[in-house]
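Structure file model16.pdb (PDB, C-alpha atoms (C1' of nucleotides) and all ligand atoms) follows.
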```pdb
ATOM      1  CA  MET A   1     -26.890  -2.159  23.672
ATOM      2  CA  TYR A   2     -23.505  -0.511  23.632
ATOM      3  CA  LYS A   3     -22.555   3.121  23.548
ATOM      4  CA  ILE A   4     -20.107   4.383  20.985
ATOM      5  CA  GLY A   5     -17.141   4.439  23.366
ATOM      6  CA  HIS A   6     -17.671   0.797  24.199
ATOM      7  CA  ILE A   7     -17.639  -0.249  20.567
ATOM      8  CA  ALA A   8     -14.624   1.933  19.951
ATOM      9  CA  LYS A   9     -12.653   0.234  22.718
ATOM     10  CA  GLN A  10     -13.733  -3.237  21.678
ATOM     11  CA  LEU A  11     -12.516  -2.721  18.150
ATOM     12  CA  ASN A  12      -9.653  -0.409  18.849
ATOM     13  CA  VAL A  13     -10.867   2.484  16.757
ATOM     14  CA  SER A  14     -11.783   6.010  17.786
ATOM     15  CA  THR A  15     -15.315   7.215  18.365
ATOM     16  CA  ASP A  16     -14.614   9.748  15.644
ATOM     17  CA  THR A  17     -13.955   6.917  13.261
ATOM     18  CA  LEU A  18     -17.278   5.308  14.120
ATOM     19  CA  ARG A  19     -19.126   8.577  13.511
ATOM     20  CA  TYR A  20     -17.187   9.003  10.290
ATOM     21  CA  TYR A  21     -18.177   5.534   9.097
ATOM     22  CA  GLU A  22     -21.765   6.388   9.887
ATOM     23  CA  ARG A  23     -21.547   9.505   7.712
ATOM     24  CA  GLN A  24     -20.053   7.334   4.984
ATOM     25  CA  GLY A  25     -22.991   4.970   5.236
ATOM     26  CA  LEU A  26     -20.967   2.011   6.463
ATOM     27  CA  LEU A  27     -22.443   1.487   9.889
ATOM     28  CA  GLN A  28     -25.600   2.912  11.388
ATOM     29  CA  ALA A  29     -26.217   2.780  15.116
ATOM     30  CA  SER A  30     -29.147   0.469  15.794
ATOM     31  CA  VAL A  31     -31.110   3.081  17.757
ATOM     32  CA  ARG A  32     -30.619   6.288  19.674
ATOM     33  CA  SER A  33     -31.133   6.657  23.432
ATOM     34  CA  PRO A  34     -33.646   9.265  24.625
ATOM     35  CA  ALA A  35     -30.706  11.636  25.033
ATOM     36  CA  GLY A  36     -29.581  11.060  21.463
ATOM     37  CA  TYR A  37     -26.703   8.694  22.247
ATOM     38  CA  ARG A  38     -25.894   6.144  19.555
ATOM     39  CA  LEU A  39     -26.693   2.617  20.733
ATOM     40  CA  TYR A  40     -25.288  -0.409  18.926
ATOM     41  CA  ASP A  41     -26.491  -3.978  19.240
ATOM     42  CA  ASP A  42     -24.540  -7.148  18.635
ATOM     43  CA  SER A  43     -25.282  -7.249  14.959
ATOM     44  CA  ALA A  44     -23.935  -3.712  14.580
ATOM     45  CA  LEU A  45     -20.846  -4.833  16.464
ATOM     46  CA  GLU A  46     -20.497  -7.758  14.076
ATOM     47  CA  GLN A  47     -20.845  -5.467  11.096
ATOM     48  CA  MET A  48     -18.120  -3.235  12.469
ATOM     49  CA  ARG A  49     -15.901  -6.282  12.899
ATOM     50  CA  PHE A  50     -16.528  -7.123   9.265
ATOM     51  CA  ILE A  51     -15.447  -3.627   8.286
ATOM     52  CA  VAL A  52     -12.312  -3.819  10.387
ATOM     53  CA  ARG A  53     -11.369  -7.201   8.917
ATOM     54  CA  ALA A  54     -11.996  -6.002   5.391
ATOM     55  CA  LYS A  55      -9.734  -3.049   6.030
ATOM     56  CA  ALA A  56      -7.108  -5.388   7.416
ATOM     57  CA  VAL A  57      -6.869  -7.215   4.118
ATOM     58  CA  GLY A  58      -6.526  -3.991   2.172
ATOM     59  CA  PHE A  59     -10.019  -3.027   1.091
ATOM     60  CA  SER A  60     -10.805   0.682   0.941
ATOM     61  CA  LEU A  61     -13.914   2.102   2.564
ATOM     62  CA  ARG A  62     -15.511   2.361  -0.833
ATOM     63  CA  ASP A  63     -14.796  -1.308  -1.531
ATOM     64  CA  ILE A  64     -16.219  -2.153   1.846
ATOM     65  CA  GLN A  65     -19.408  -0.326   1.011
ATOM     66  CA  GLU A  66     -19.840  -2.571  -1.976
ATOM     67  CA  LEU A  67     -19.045  -5.653   0.052
ATOM     68  CA  LEU A  68     -21.614  -4.638   2.647
ATOM     69  CA  THR A  69     -24.255  -4.069   0.010
ATOM     70  CA  ILE A  70     -23.681  -7.622  -1.141
ATOM     71  CA  LYS A  71     -23.404  -9.093   2.332
ATOM     72  CA  ILE A  72     -26.684  -7.521   3.411
ATOM     73  CA  ASP A  73     -28.517  -9.091   0.497
ATOM     74  CA  LYS A  74     -26.409 -12.087  -0.393
ATOM     75  CA  HIS A  75     -29.205 -13.846  -2.088
ATOM     76  CA  ASN A  76     -29.429 -11.313  -4.862
ATOM     77  CA  HIS A  77     -25.711 -11.158  -5.450
ATOM     78  CA  SER A  78     -23.239 -13.680  -6.747
ATOM     79  CA  CYS A  79     -19.913 -15.105  -5.757
ATOM     80  CA  GLU A  80     -18.670 -13.670  -8.998
ATOM     81  CA  GLU A  81     -19.267 -10.123  -7.801
ATOM     82  CA  VAL A  82     -17.410 -10.690  -4.580
ATOM     83  CA  LYS A  83     -14.519 -12.429  -6.252
ATOM     84  CA  SER A  84     -14.318  -9.715  -8.858
ATOM     85  CA  LEU A  85     -13.951  -7.048  -6.185
ATOM     86  CA  THR A  86     -11.282  -9.125  -4.520
ATOM     87  CA  LEU A  87      -9.338  -9.745  -7.700
ATOM     88  CA  GLN A  88      -9.538  -6.100  -8.622
ATOM     89  CA  LYS A  89      -8.090  -5.141  -5.258
ATOM     90  CA  LEU A  90      -5.458  -7.810  -5.663
ATOM     91  CA  THR A  91      -4.427  -6.402  -9.019
ATOM     92  CA  GLN A  92      -4.231  -2.877  -7.637
ATOM     93  CA  THR A  93      -2.198  -4.098  -4.719
ATOM     94  CA  ARG A  94       0.232  -5.950  -6.957
ATOM     95  CA  GLN A  95       0.655  -2.924  -9.183
ATOM     96  CA  ARG A  96       1.437  -0.743  -6.226
ATOM     97  CA  ILE A  97       3.896  -3.336  -4.942
ATOM     98  CA  GLU A  98       5.639  -3.393  -8.318
ATOM     99  CA  GLU A  99       5.965   0.357  -8.250
ATOM    100  CA  LEU A 100       7.366   0.318  -4.745
ATOM    101  CA  LEU A 101       9.778  -2.486  -5.617
ATOM    102  CA  LYS A 102      11.190  -0.308  -8.370
ATOM    103  CA  PHE A 103      11.685   2.452  -5.853
ATOM    104  CA  GLU A 104      13.237  -0.024  -3.479
ATOM    105  CA  ARG A 105      15.744  -1.267  -6.037
ATOM    106  CA  SER A 106      16.709   2.227  -7.142
ATOM    107  CA  LEU A 107      17.121   3.445  -3.604
ATOM    108  CA  SER A 108      19.214   0.405  -2.642
ATOM    109  CA  VAL A 109      21.550   0.968  -5.524
ATOM    110  CA  LEU A 110      21.883   4.637  -4.691
ATOM    111  CA  ALA A 111      22.502   3.944  -1.019
ATOM    112  CA  GLU A 112      25.032   1.204  -1.675
ATOM    113  CA  ARG A 113      27.188   3.399  -3.824
ATOM    114  CA  CYS A 114      27.325   6.368  -1.459
ATOM    115  CA  CYS A 115      30.066   6.231   1.147
ATOM    116  CA  GLY A 116      27.873   8.028   3.657
ATOM    117  CA  GLY A 117      30.867   9.750   5.157
ATOM    118  CA  GLU A 118      31.194  13.037   6.958
ATOM    119  CA  GLU A 119      33.119  14.683   4.149
ATOM    120  CA  SER A 120      31.465  17.175   1.848
ATOM    121  CA  ALA A 121      28.800  16.097  -0.606
ATOM    122  CA  ASP A 122      30.728  17.576  -3.527
ATOM    123  CA  ASP A 123      31.185  14.161  -5.081
ATOM    124  CA  CYS A 124      28.223  12.332  -3.587
ATOM    125  CA  SER A 125      27.282   9.545  -5.908
ATOM    126  CA  ILE A 126      23.609   9.872  -5.048
ATOM    127  CA  LEU A 127      23.434  13.491  -6.083
ATOM    128  CA  THR A 128      25.510  12.731  -9.153
ATOM    129  CA  ALA A 129      23.172   9.958 -10.183
ATOM    130  CA  LEU A 130      20.155  12.222  -9.832
ATOM    131  CA  GLU A 131      21.880  14.998 -11.755
ATOM    132  CA  ASP A 132      23.258  12.965 -14.599
ATOM    133  CA  VAL A 133      21.236  12.013 -17.576
ATOM    134  CA  ASP A 134      22.779   8.601 -17.050
ATOM    135  CA  GLY A 135      21.477   8.154 -13.513
ATOM    136  CA  SER A 136      20.791   4.436 -13.348
ATOM    137  CA  ALA A 137      17.463   5.070 -11.643
TER     138      ALA A 137
ATOM    139  CA  MET B   1      15.142  30.870 -22.329
ATOM    140  CA  TYR B   2      12.132  28.623 -22.343
ATOM    141  CA  LYS B   3       8.537  29.380 -21.528
ATOM    142  CA  ILE B   4       6.686  27.223 -19.049
ATOM    143  CA  GLY B   5       4.882  25.193 -21.709
ATOM    144  CA  HIS B   6       8.141  24.256 -23.323
ATOM    145  CA  ILE B   7       9.598  22.946 -20.070
ATOM    146  CA  ALA B   8       6.371  21.144 -19.348
ATOM    147  CA  LYS B   9       6.478  19.310 -22.661
ATOM    148  CA  GLN B  10      10.166  18.488 -22.351
ATOM    149  CA  LEU B  11       9.668  16.868 -18.991
ATOM    150  CA  ASN B  12       6.193  15.548 -19.482
ATOM    151  CA  VAL B  13       4.590  17.401 -16.612
ATOM    152  CA  SER B  14       1.796  19.971 -16.618
ATOM    153  CA  THR B  15       2.337  23.700 -16.441
ATOM    154  CA  ASP B  16       0.238  23.597 -13.291
ATOM    155  CA  THR B  17       2.756  21.249 -11.784
ATOM    156  CA  LEU B  18       5.584  23.648 -12.576
ATOM    157  CA  ARG B  19       3.726  26.541 -10.972
ATOM    158  CA  TYR B  20       2.932  24.320  -8.024
ATOM    159  CA  TYR B  21       6.590  23.392  -7.600
ATOM    160  CA  GLU B  22       7.426  27.066  -7.673
ATOM    161  CA  ARG B  23       4.971  27.744  -4.867
ATOM    162  CA  GLN B  24       6.543  24.875  -2.945
ATOM    163  CA  GLY B  25       9.951  26.429  -3.353
ATOM    164  CA  LEU B  26      11.353  23.651  -5.511
ATOM    165  CA  LEU B  27      11.994  25.491  -8.744
ATOM    166  CA  GLN B  28      12.014  29.196  -9.457
ATOM    167  CA  ALA B  29      11.870  30.526 -12.997
ATOM    168  CA  SER B  30      15.138  32.234 -13.831
ATOM    169  CA  VAL B  31      13.496  35.505 -14.846
ATOM    170  CA  ARG B  32      10.186  36.918 -16.003
ATOM    171  CA  SER B  33       9.539  38.348 -19.457
ATOM    172  CA  PRO B  34       8.255  41.950 -19.718
ATOM    173  CA  ALA B  35       4.752  40.501 -19.889
ATOM    174  CA  GLY B  36       5.281  38.488 -16.708
ATOM    175  CA  TYR B  37       5.846  35.118 -18.382
ATOM    176  CA  ARG B  38       8.120  32.708 -16.523
ATOM    177  CA  LEU B  39      11.365  32.124 -18.392
ATOM    178  CA  TYR B  40      13.590  29.196 -17.558
ATOM    179  CA  ASP B  41      17.232  28.751 -18.535
ATOM    180  CA  ASP B  42      19.154  25.522 -18.957
ATOM    181  CA  SER B  43      20.133  25.311 -15.347
ATOM    182  CA  ALA B  44      16.490  25.581 -14.321
ATOM    183  CA  LEU B  45      15.713  22.826 -16.797
ATOM    184  CA  GLU B  46      18.449  20.714 -15.235
ATOM    185  CA  GLN B  47      17.061  21.343 -11.778
ATOM    186  CA  MET B  48      13.632  20.253 -12.941
ATOM    187  CA  ARG B  49      15.174  17.101 -14.367
ATOM    188  CA  PHE B  50      16.740  16.454 -10.988
ATOM    189  CA  ILE B  51      13.328  16.802  -9.347
ATOM    190  CA  VAL B  52      11.712  14.464 -11.837
ATOM    191  CA  ARG B  53      14.423  11.845 -11.365
ATOM    192  CA  ALA B  54      14.202  12.084  -7.616
ATOM    193  CA  LYS B  55      10.465  11.545  -7.824
ATOM    194  CA  ALA B  56      11.054   8.567 -10.081
ATOM    195  CA  VAL B  57      13.025   6.801  -7.367
ATOM    196  CA  GLY B  58      10.356   7.454  -4.776
ATOM    197  CA  PHE B  59      11.337  10.662  -3.015
ATOM    198  CA  SER B  60       8.508  12.944  -1.902
ATOM    199  CA  LEU B  61       8.496  16.635  -2.707
ATOM    200  CA  ARG B  62       9.510  17.334   0.853
ATOM    201  CA  ASP B  63      12.473  14.970   0.549
ATOM    202  CA  ILE B  64      13.387  16.628  -2.698
ATOM    203  CA  GLN B  65      13.422  20.002  -1.042
ATOM    204  CA  GLU B  66      16.016  18.706   1.362
ATOM    205  CA  LEU B  67      18.013  17.150  -1.435
ATOM    206  CA  LEU B  68      17.953  20.425  -3.340
ATOM    207  CA  THR B  69      19.100  22.367  -0.319
ATOM    208  CA  ILE B  70      22.081  20.051  -0.134
ATOM    209  CA  LYS B  71      22.711  19.975  -3.858
ATOM    210  CA  ILE B  72      22.749  23.754  -4.082
ATOM    211  CA  ASP B  73      25.391  24.003  -1.406
ATOM    212  CA  LYS B  74      27.128  20.674  -1.524
ATOM    213  CA  HIS B  75      30.247  21.958   0.059
ATOM    214  CA  ASN B  76      28.541  22.604   3.353
ATOM    215  CA  HIS B  77      26.740  19.282   3.441
ATOM    216  CA  SER B  78      27.968  15.738   3.746
ATOM    217  CA  CYS B  79      27.479  12.441   1.993
ATOM    218  CA  GLU B  80      26.137  11.228   5.291
ATOM    219  CA  GLU B  81      23.158  13.560   5.074
ATOM    220  CA  VAL B  82      22.295  12.447   1.583
ATOM    221  CA  LYS B  83      22.685   8.790   2.389
ATOM    222  CA  SER B  84      20.628   9.194   5.511
ATOM    223  CA  LEU B  85      17.736  10.632   3.520
ATOM    224  CA  THR B  86      18.053   7.802   1.064
ATOM    225  CA  LEU B  87      18.140   5.102   3.707
ATOM    226  CA  GLN B  88      15.193   6.630   5.491
ATOM    227  CA  LYS B  89      13.185   6.554   2.296
ATOM    228  CA  LEU B  90      14.325   3.012   1.670
ATOM    229  CA  THR B  91      13.116   1.935   5.093
ATOM    230  CA  GLN B  92       9.755   3.606   4.574
ATOM    231  CA  THR B  93       9.425   1.977   1.197
ATOM    232  CA  ARG B  94      10.214  -1.451   2.568
ATOM    233  CA  GLN B  95       7.709  -1.050   5.362
ATOM    234  CA  ARG B  96       5.016  -0.104   2.932
ATOM    235  CA  ILE B  97       5.928  -3.059   0.728
ATOM    236  CA  GLU B  98       5.647  -5.394   3.707
ATOM    237  CA  GLU B  99       2.205  -4.064   4.476
ATOM    238  CA  LEU B 100       1.073  -4.468   0.903
ATOM    239  CA  LEU B 101       2.497  -7.977   0.721
ATOM    240  CA  LYS B 102       0.340  -8.923   3.682
ATOM    241  CA  PHE B 103      -2.671  -7.568   1.833
ATOM    242  CA  GLU B 104      -1.577  -9.406  -1.262
ATOM    243  CA  ARG B 105      -1.310 -12.739   0.535
ATOM    244  CA  SER B 106      -4.655 -12.332   2.264
ATOM    245  CA  LEU B 107      -6.398 -11.322  -0.917
ATOM    246  CA  SER B 108      -4.860 -14.213  -2.843
ATOM    247  CA  VAL B 109      -6.056 -16.701  -0.295
ATOM    248  CA  LEU B 110      -9.545 -15.215  -0.303
ATOM    249  CA  ALA B 111      -9.724 -15.172  -4.078
ATOM    250  CA  GLU B 112      -8.411 -18.710  -4.460
ATOM    251  CA  ARG B 113     -11.071 -20.143  -2.200
ATOM    252  CA  CYS B 114     -14.043 -18.443  -3.813
ATOM    253  CA  CYS B 115     -15.586 -20.235  -6.743
ATOM    254  CA  GLY B 116     -16.465 -16.943  -8.443
ATOM    255  CA  GLY B 117     -19.586 -18.461  -9.936
ATOM    256  CA  GLU B 118     -22.839 -16.888 -10.942
ATOM    257  CA  GLU B 119     -24.812 -18.510  -8.144
ATOM    258  CA  SER B 120     -25.888 -16.532  -5.104
ATOM    259  CA  ALA B 121     -23.341 -15.278  -2.614
ATOM    260  CA  ASP B 122     -25.117 -17.007   0.267
ATOM    261  CA  ASP B 123     -22.167 -19.265   0.895
ATOM    262  CA  CYS B 124     -19.401 -17.125  -0.526
ATOM    263  CA  SER B 125     -16.196 -18.056   1.204
ATOM    264  CA  ILE B 126     -14.867 -14.525   0.993
ATOM    265  CA  LEU B 127     -17.808 -13.049   2.866
ATOM    266  CA  THR B 128     -17.700 -15.916   5.330
ATOM    267  CA  ALA B 129     -14.036 -15.337   6.025
ATOM    268  CA  LEU B 130     -14.629 -11.659   6.669
ATOM    269  CA  GLU B 131     -17.591 -12.407   8.901
ATOM    270  CA  ASP B 132     -16.082 -15.174  10.960
ATOM    271  CA  VAL B 133     -13.868 -14.510  13.876
ATOM    272  CA  ASP B 134     -11.703 -17.212  12.389
ATOM    273  CA  GLY B 135     -11.228 -15.454   9.075
ATOM    274  CA  SER B 136      -7.673 -16.412   8.181
ATOM    275  CA  ALA B 137      -6.940 -12.833   7.217
TER     276      ALA B 137
ATOM    277  C1'  DC C   1     -24.793  19.439  43.646
ATOM    278  C1'  DT C   2     -20.898  19.360  41.449
ATOM    279  C1'  DT C   3     -17.088  16.964  39.214
ATOM    280  C1'  DG C   4     -15.542  14.072  35.579
ATOM    281  C1'  DA C   5     -16.374  10.973  32.076
ATOM    282  C1'  DC C   6     -19.157  10.404  28.601
ATOM    283  C1'  DC C   7     -22.035  11.853  24.620
ATOM    284  C1'  DT C   8     -24.012  15.299  20.788
ATOM    285  C1'  DT C   9     -23.476  18.471  16.467
ATOM    286  C1'  DG C  10     -21.510  20.830  12.365
ATOM    287  C1'  DA C  11     -17.710  22.488  10.382
ATOM    288  C1'  DA C  12     -13.087  23.032   9.618
ATOM    289  C1'  DC C  13      -8.638  21.001   9.306
ATOM    290  C1'  DT C  14      -4.875  17.498   7.987
ATOM    291  C1'  DC C  15      -1.661  15.298   4.412
ATOM    292  C1'  DA C  16       0.236  15.048  -0.684
ATOM    293  C1'  DA C  17       0.424  16.383  -4.909
ATOM    294  C1'  DC C  18      -1.666  18.191  -7.766
ATOM    295  C1'  DT C  19      -5.862  19.961 -10.838
ATOM    296  C1'  DC C  20      -9.226  23.087 -12.137
ATOM    297  C1'  DT C  21     -11.708  27.559 -12.641
ATOM    298  C1'  DA C  22     -12.496  32.207 -13.820
ATOM    299  C1'  DA C  23     -11.233  36.203 -15.746
ATOM    300  C1'  DG C  24      -8.086  38.223 -18.036
ATOM    301  C1'  DG C  25      -3.376  39.654 -20.778
ATOM    302  C1'  DT C  26       0.120  38.341 -24.807
ATOM    303  C1'  DT C  27       1.955  36.479 -28.980
ATOM    304  C1'  DT C  28       1.811  34.511 -33.408
ATOM    305  C1'  DA C  29      -0.083  33.306 -37.663
ATOM    306  C1'  DT C  30      -3.147  34.178 -41.311
TER     307       DT C  30
ATOM    308  C1'  DA D   1      -7.637  42.323 -37.359
ATOM    309  C1'  DT D   2      -8.824  38.444 -35.323
ATOM    310  C1'  DA D   3      -8.445  33.766 -33.851
ATOM    311  C1'  DA D   4      -5.606  30.248 -31.775
ATOM    312  C1'  DA D   5      -2.472  29.252 -28.646
ATOM    313  C1'  DC D   6      -0.032  30.831 -25.257
ATOM    314  C1'  DC D   7       0.575  33.003 -20.570
ATOM    315  C1'  DT D   8      -0.926  35.346 -15.773
ATOM    316  C1'  DT D   9      -3.328  35.300 -10.956
ATOM    317  C1'  DA D  10      -5.827  33.914  -6.692
ATOM    318  C1'  DG D  11      -8.288  30.688  -4.932
ATOM    319  C1'  DA D  12     -11.109  26.578  -4.702
ATOM    320  C1'  DG D  13     -11.609  21.582  -5.460
ATOM    321  C1'  DT D  14      -9.921  16.643  -5.473
ATOM    322  C1'  DT D  15      -8.923  12.042  -3.053
ATOM    323  C1'  DG D  16      -9.065   9.074   1.368
ATOM    324  C1'  DA D  17      -9.452   8.418   5.817
ATOM    325  C1'  DG D  18      -9.909  10.322   9.256
ATOM    326  C1'  DT D  19      -8.887  14.172  13.332
ATOM    327  C1'  DT D  20      -9.765  18.350  15.788
ATOM    328  C1'  DC D  21     -12.569  22.018  17.470
ATOM    329  C1'  DA D  22     -16.102  24.592  19.816
ATOM    330  C1'  DA D  23     -19.944  24.655  22.370
ATOM    331  C1'  DG D  24     -22.823  22.257  24.654
ATOM    332  C1'  DG D  25     -26.016  18.158  26.805
ATOM    333  C1'  DT D  26     -26.092  13.721  30.008
ATOM    334  C1'  DC D  27     -25.097  10.493  33.493
ATOM    335  C1'  DA D  28     -22.997   8.225  37.634
ATOM    336  C1'  DA D  29     -20.501   8.854  41.900
ATOM    337  C1'  DG D  30     -19.449  11.031  46.072
TER     338       DG D  30
HETATM  339 ZN    ZN E   1      30.844  10.070  -0.107
HETATM  340 ZN    ZN E   2      27.303  10.242  -1.116
HETATM  341 ZN    ZN E   3     -19.149 -19.529  -4.821
HETATM  342 ZN    ZN E   4     -17.487 -16.657  -3.292
END
```
Please, can you express the file's structure as structure tokens?
Amino acid sequence: MYKIGHIAKQLNVSTDTLRYYERQGLLQASVRSPAGYRLYDDSALEQMRFIVRAKAVGFSLRDIQELLTIKIDKHNHSCEEVKSLTLQKLTQTRQRIEELLKFERSLSVLAERCCGGEESADDCSILTALEDVDGSA
Amino acid sequence: MYKIGHIAKQLNVSTDTLRYYERQGLLQASVRSPAGYRLYDDSALEQMRFIVRAKAVGFSLRDIQELLTIKIDKHNHSCEEVKSLTLQKLTQTRQRIEELLKFERSLSVLAERCCGGEESADDCSILTALEDVDGSA
DNA sequence: CTTGACCTTGAACTCAACTCTAAGGTTTAT
DNA sequence: ATAAACCTTAGAGTTGAGTTCAAGGTCAAG
């Protein structure tokens, strides 16, 4: 049985994060010590690893809750549900990437055109582009 | 002179957003009507357009504040400052894109391997990957 | 027997960019 | 004259993922 600080170090998260996940219903301590300390067993540690890995591939805590619900009772859930969550996250991620790529292209163009010199910004092409109706943003 | 609702419609933002921008120091109404209504002139409208365009290329409201400070007194600011803000934002954007691309690749791999069928999730490869230490995440 | 490292709680705070609510005043059209 | 469509304010709520705080209890070592 491990105390919260031990788990935190193992998984490189803060104890606050572990308590927060508990409040969010993601990970309960297995038992409490007589003094009220949270005590985690190996299966709790494994569950926390699952959470950390799911976060590392881009799932939100809410997604992870759903994944855990399925994982805990696999037999009454289907591959389809899991894949659907994954594809949904994939779609969201791609949309966000598209949006950021637009930003990236606009910002590159703006940066390329500006001389970046020490002289006054009176004729700065970046400001001009943002002012003009014809800013090629 | 335009009332807030007029500006809001023109620029496709909410009146709340305009009031919020005012609180944030981004855009003051030119004057107030006797009844206390905000009245904007064309230069205020232009400034709001600037803000909207800057947002559209990915600048945050805080960035935009800095840009406006420069824009309002171009003569005492340099191209270098403007370009620096732009490059900084570009770097941030690229970093975020990199992060999301990692998510995207991991999620694609997970999704590809899962059959997505209606049968139970007992052997779902996605769950397995997230459980196993060897999850190729 | 006390110091320091650990643990507990609830509540408030953070960031960003709004959005919403309540309770009211103004303008315009019919 | 009254209803619809505006506008005002201060302040609270939202989302997501935590972090920080205050005030205190516990445990091992020296
Ligand atoms: Zn220049
Ligand atoms: Zn420039
Ligand atoms: Zn399957
Ligand atoms: Zn599957």
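For the structure in this document, the set picked by the PyMOL selection byres (((not hetatm)) within 12 of (chain E and resi 1)) is A:Leu110, A:Ala111, A:Glu112, A:Arg113, A:Cys114, A:Cys115, A:Gly116, A:Gly117, A:Glu118, A:Glu119, A:Ser120, A:Ala121, A:Asp122, A:Asp123, A:Cys124, A:Ser125, A:Ile126, A:Leu127, A:Thr128, B:Lys74, B:His75, B:His77, B:Ser78, B:Cys79, B:Glu80, B:Glu81, B:Val82, B:Lys83, B:Ser84.
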Write out as a PyMOL selection string which residues come within 9 Å of segment 17-30 of chain D when counting only C-alpha atoms (C1' of nucleotides), dropping same-chain ones fewer than 6 positions away. (chain A and resi 16-17+20+35+61) or (chain C and resi 5-8+11-14)
How would you write as number ranges by chain the residues that get within 12 Å of (-9.0, -0.9, 1.7) in the file's frame, counting only C-alpha atoms (C1' of nucleotides)? A: 51-67, 85-86, 88-90, 92-93; B: 99-100, 103-104, 107; D: 16-17
Would you mind exporting the chosen residues as an mmCIF file, keeping the file's coordinate frame, restricted to C-alpha atoms (C1' of nucleotides)?
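Output file part09.cif follows:
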```cif
data_model
loop_
_atom_site.group_PDB
_atom_site.id
_atom_site.type_symbol
_atom_site.label_atom_id
_atom_site.label_comp_id
_atom_site.auth_asym_id
_atom_site.auth_seq_id
_atom_site.Cartn_x
_atom_site.Cartn_y
_atom_site.Cartn_z
ATOM 1 C CA ILE A 51 -15.447 -3.627 8.286
ATOM 2 C CA VAL A 52 -12.312 -3.819 10.387
ATOM 3 C CA ARG A 53 -11.369 -7.201 8.917
ATOM 4 C CA ALA A 54 -11.996 -6.002 5.391
ATOM 5 C CA LYS A 55 -9.734 -3.049 6.030
ATOM 6 C CA ALA A 56 -7.108 -5.388 7.416
ATOM 7 C CA VAL A 57 -6.869 -7.215 4.118
ATOM 8 C CA GLY A 58 -6.526 -3.991 2.172
ATOM 9 C CA PHE A 59 -10.019 -3.027 1.091
ATOM 10 C CA SER A 60 -10.805 0.682 0.941
ATOM 11 C CA LEU A 61 -13.914 2.102 2.564
ATOM 12 C CA ARG A 62 -15.511 2.361 -0.833
ATOM 13 C CA ASP A 63 -14.796 -1.308 -1.531
ATOM 14 C CA ILE A 64 -16.219 -2.153 1.846
ATOM 15 C CA GLN A 65 -19.408 -0.326 1.011
ATOM 16 C CA GLU A 66 -19.840 -2.571 -1.976
ATOM 17 C CA LEU A 67 -19.045 -5.653 0.052
ATOM 18 C CA LEU A 85 -13.951 -7.048 -6.185
ATOM 19 C CA THR A 86 -11.282 -9.125 -4.520
ATOM 20 C CA GLN A 88 -9.538 -6.100 -8.622
ATOM 21 C CA LYS A 89 -8.090 -5.141 -5.258
ATOM 22 C CA LEU A 90 -5.458 -7.810 -5.663
ATOM 23 C CA GLN A 92 -4.231 -2.877 -7.637
ATOM 24 C CA THR A 93 -2.198 -4.098 -4.719
ATOM 25 C CA GLU B 99 2.205 -4.064 4.476
ATOM 26 C CA LEU B 100 1.073 -4.468 0.903
ATOM 27 C CA PHE B 103 -2.671 -7.568 1.833
ATOM 28 C CA GLU B 104 -1.577 -9.406 -1.262
ATOM 29 C CA LEU B 107 -6.398 -11.322 -0.917
ATOM 30 C "C1'" DG D 16 -9.065 9.074 1.368
ATOM 31 C "C1'" DA D 17 -9.452 8.418 5.817
#
```
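Using all atoms listed in the file, the shortest contact distance between chain D and any of B:Gln28, B:Thr91, B:Thr15, B:Ser43 is found at B:Thr15.
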Between atom CA of Arg105 of chain A and atom C1' of DC15 of chain C, what distance in Å does the model show, to one decimal?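 Computing it gives 26.2 Å between the two atoms.
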Give as an NGL selection string every residue of chain C that touches chain B within 12 Å, counting only C-alpha atoms (C1' of nucleotides). :C and (15-20 or 25-27)
Extract, using all atoms listed in the file, all DNA, RNA and protein residues at most 12 Å from Val31 of chain A, discarding same-chain residues fewer than 6 positions from it, and format them as an mmCIF file with C-alpha atoms, in the coordinates of the input.
```
data_model
loop_
_atom_site.group_PDB
_atom_site.id
_atom_site.type_symbol
_atom_site.label_atom_id
_atom_site.label_comp_id
_atom_site.auth_asym_id
_atom_site.auth_seq_id
_atom_site.Cartn_x
_atom_site.Cartn_y
_atom_site.Cartn_z
ATOM 1 C CA MET A 1 -26.890 -2.159 23.672
ATOM 2 C CA TYR A 2 -23.505 -0.511 23.632
ATOM 3 C CA LYS A 3 -22.555 3.121 23.548
ATOM 4 C CA ILE A 4 -20.107 4.383 20.985
ATOM 5 C CA TYR A 37 -26.703 8.694 22.247
ATOM 6 C CA ARG A 38 -25.894 6.144 19.555
ATOM 7 C CA LEU A 39 -26.693 2.617 20.733
ATOM 8 C CA TYR A 40 -25.288 -0.409 18.926
ATOM 9 C CA ASP A 41 -26.491 -3.978 19.240
ATOM 10 C CA ALA A 44 -23.935 -3.712 14.580
#
```
May I ask which of the residues B:Pro34, B:Arg23, B:Ala129, B:Gly5 is the closest one to ligand ZN 4 (chain E), counting all atoms listed in the file?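 Of all the options, B:Ala129 lies closest to ligand ZN 4 (chain E).
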Exercise on segment 16-24 of chain C, axis-aligned box with 5 Å per side, report centre and edge lengths in Å to one decimal, as JSON:
```
{"center_x": -6.0, "center_y": 26.6, "center_z": -9.4, "size_x": 22.9, "size_y": 33.2, "size_z": 27.4}
```
Smallest atom-to-atom distance to ligand ZN 4 (chain E): which of A:Glu46, A:Gln95, A:Ile70, A:Leu27, using only C-alpha atoms and all ligand atoms? A:Ile70
Could you list the residues in chain D lying within 9 Å of chain B, using all atoms listed in the file, and format the result as a ChimeraX atom specification? /D:6-8
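Take the candidates B:Arg96, B:Lys102, B:Lys9, B:Lys71 and check each one against ligand ZN 2 (chain E) using all atoms listed in the file; the shortest distance goes to B:Lys71.
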